[in-house]
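Reproduced below: data01.cif, with mmCIF, C-alpha atoms.
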```
data_final
loop_
_atom_site.label_atom_id
_atom_site.label_comp_id
_atom_site.auth_asym_id
_atom_site.auth_seq_id
_atom_site.Cartn_x
_atom_site.Cartn_y
_atom_site.Cartn_z
CA MET A 92 0.00 0.00 0.00
CA VAL A 93 1.18 3.47 -0.88
CA ARG A 94 -0.68 6.49 0.41
CA GLY A 95 -0.52 9.76 -1.46
CA ASP A 96 -2.45 12.97 -0.93
CA ARG A 97 -4.77 12.26 -3.88
CA GLY A 98 -5.42 8.61 -3.11
CA THR A 99 -4.27 5.20 -1.95
CA TYR A 100 -2.53 2.78 -4.27
CA LYS A 101 -1.68 -0.91 -4.13
CA ILE A 102 1.41 -2.35 -5.79
CA HIS A 103 1.32 -6.09 -6.39
CA LEU A 104 4.61 -7.57 -5.24
CA LEU A 105 4.83 -10.26 -7.94
CA SER A 106 3.58 -8.40 -11.01
CA ALA A 107 4.42 -4.82 -9.89
CA ASN A 108 1.00 -3.72 -11.19
CA THR A 109 -0.35 -0.58 -9.54
CA LEU A 110 -4.04 -0.33 -8.62
CA MET A 111 -5.91 2.71 -7.33
CA GLU A 112 -8.43 2.45 -4.52
CA PRO A 113 -11.38 2.26 -4.09
CA ASP A 114 -12.22 0.54 -7.40
CA ASP A 115 -8.86 -1.13 -8.17
CA ALA A 116 -8.48 0.80 -11.42
CA HIS A 117 -5.13 0.05 -13.05
CA LEU A 118 -2.58 2.88 -12.98
CA CYS A 119 -0.05 2.53 -15.76
CA ILE A 120 3.36 3.65 -14.54
CA VAL A 121 6.14 3.15 -17.05
CA PRO A 122 9.67 3.68 -15.75
CA ALA A 123 11.48 6.50 -17.50
CA PRO A 124 14.96 5.84 -18.85
CA ALA A 125 17.54 6.28 -16.13
CA ARG A 126 19.10 9.74 -16.08
CA GLY A 127 21.47 9.09 -13.23
CA GLU A 128 19.44 11.22 -10.83
CA ARG A 129 18.11 8.39 -8.67
CA TYR A 130 19.78 5.06 -8.78
CA LEU A 131 18.46 2.24 -6.62
CA PRO A 132 21.43 0.03 -5.76
CA PHE A 133 19.59 -3.28 -5.49
CA GLU A 134 20.63 -6.45 -7.24
CA ASP A 135 17.01 -7.57 -7.34
CA ASP A 136 15.39 -5.97 -10.41
CA ARG A 137 11.87 -6.69 -9.09
CA LEU A 138 12.48 -4.79 -5.84
CA SER A 139 13.96 -1.89 -7.77
CA LEU A 140 10.91 -1.82 -10.06
CA ILE A 141 8.43 -1.93 -7.17
CA LEU A 142 10.19 0.85 -5.27
CA SER A 143 10.47 3.04 -8.33
CA LYS A 144 6.73 2.58 -8.97
CA ALA A 145 5.99 3.58 -5.36
CA PHE A 146 7.73 6.96 -5.62
CA LEU A 147 5.27 8.51 -8.10
CA PRO A 148 2.00 7.80 -6.27
CA ALA A 149 3.56 8.60 -2.89
CA ALA A 150 4.25 12.13 -4.16
CA ASP A 151 1.02 12.49 -6.14
CA ALA A 152 0.28 15.97 -4.72
CA ASP A 153 3.45 17.31 -6.35
CA ILE A 154 2.44 16.23 -9.85
CA THR A 155 1.48 19.10 -12.15
CA ASP A 156 1.87 17.47 -15.57
CA GLU A 157 -1.59 17.14 -17.19
CA SER A 158 -0.74 13.88 -18.98
CA ILE A 159 0.27 12.21 -15.71
CA LEU A 160 -2.73 13.61 -13.81
CA THR A 161 -4.96 12.15 -16.51
CA ARG A 162 -3.48 8.70 -15.80
CA PHE A 163 -4.51 9.12 -12.20
CA GLY A 164 -8.05 9.79 -13.43
CA ARG A 165 -8.04 13.03 -11.54
CA GLY A 166 -6.95 15.55 -14.13
CA ALA A 167 -6.80 19.18 -13.05
#
```
Mind converting the file's structure to structure tokens?
Amino acid sequence: MVRGDRGTYKIHLLSANTLMEPDDAHLCIVPAPARGERYLPFEDDRLSLILSKAFLPAADADITDESILTRFGRGA
């Protein structure tokens, strides 16, 4: 479970799929190519993927990009 200001999200630990509560709508989060800004030093690629997917919804109040807000289903 990841709680943001706009909602609560569930990340499945095997598939890394992200679902939004309350209706379990799928939230498509595609990792951006690494730019060297944030590197997660884990050997386990799955853990790295899950943690990287948790950062975006956890900081959902800071998102201002319309295209991303639309993915959340809560466009401004």
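For the file at hand, the PyMOL selection byres ((chain A and resi 140) around 10) resolves to Leu104, Ser106, Ala107, Val121, Pro122, Leu131, Phe133, Asp135, Asp136, Arg137, Leu138, Ser139, Ile141, Leu142, Ser143, Lys144 and Ala145 of chain A.
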Once the PyMOL selection byres ((chain A and resi 113-116) around 9) has been applied to the shown file, what residues remain in the selection, as a PyMOL selection string?
-> chain A and resi 98-101+109-112+117-118
So what does the PyMOL selection byres ((chain A and resi 146-158) around 7) actually pick up in this one, as a PyMOL selection string?
-> chain A and resi 93-97+142-145+159-162+166-167
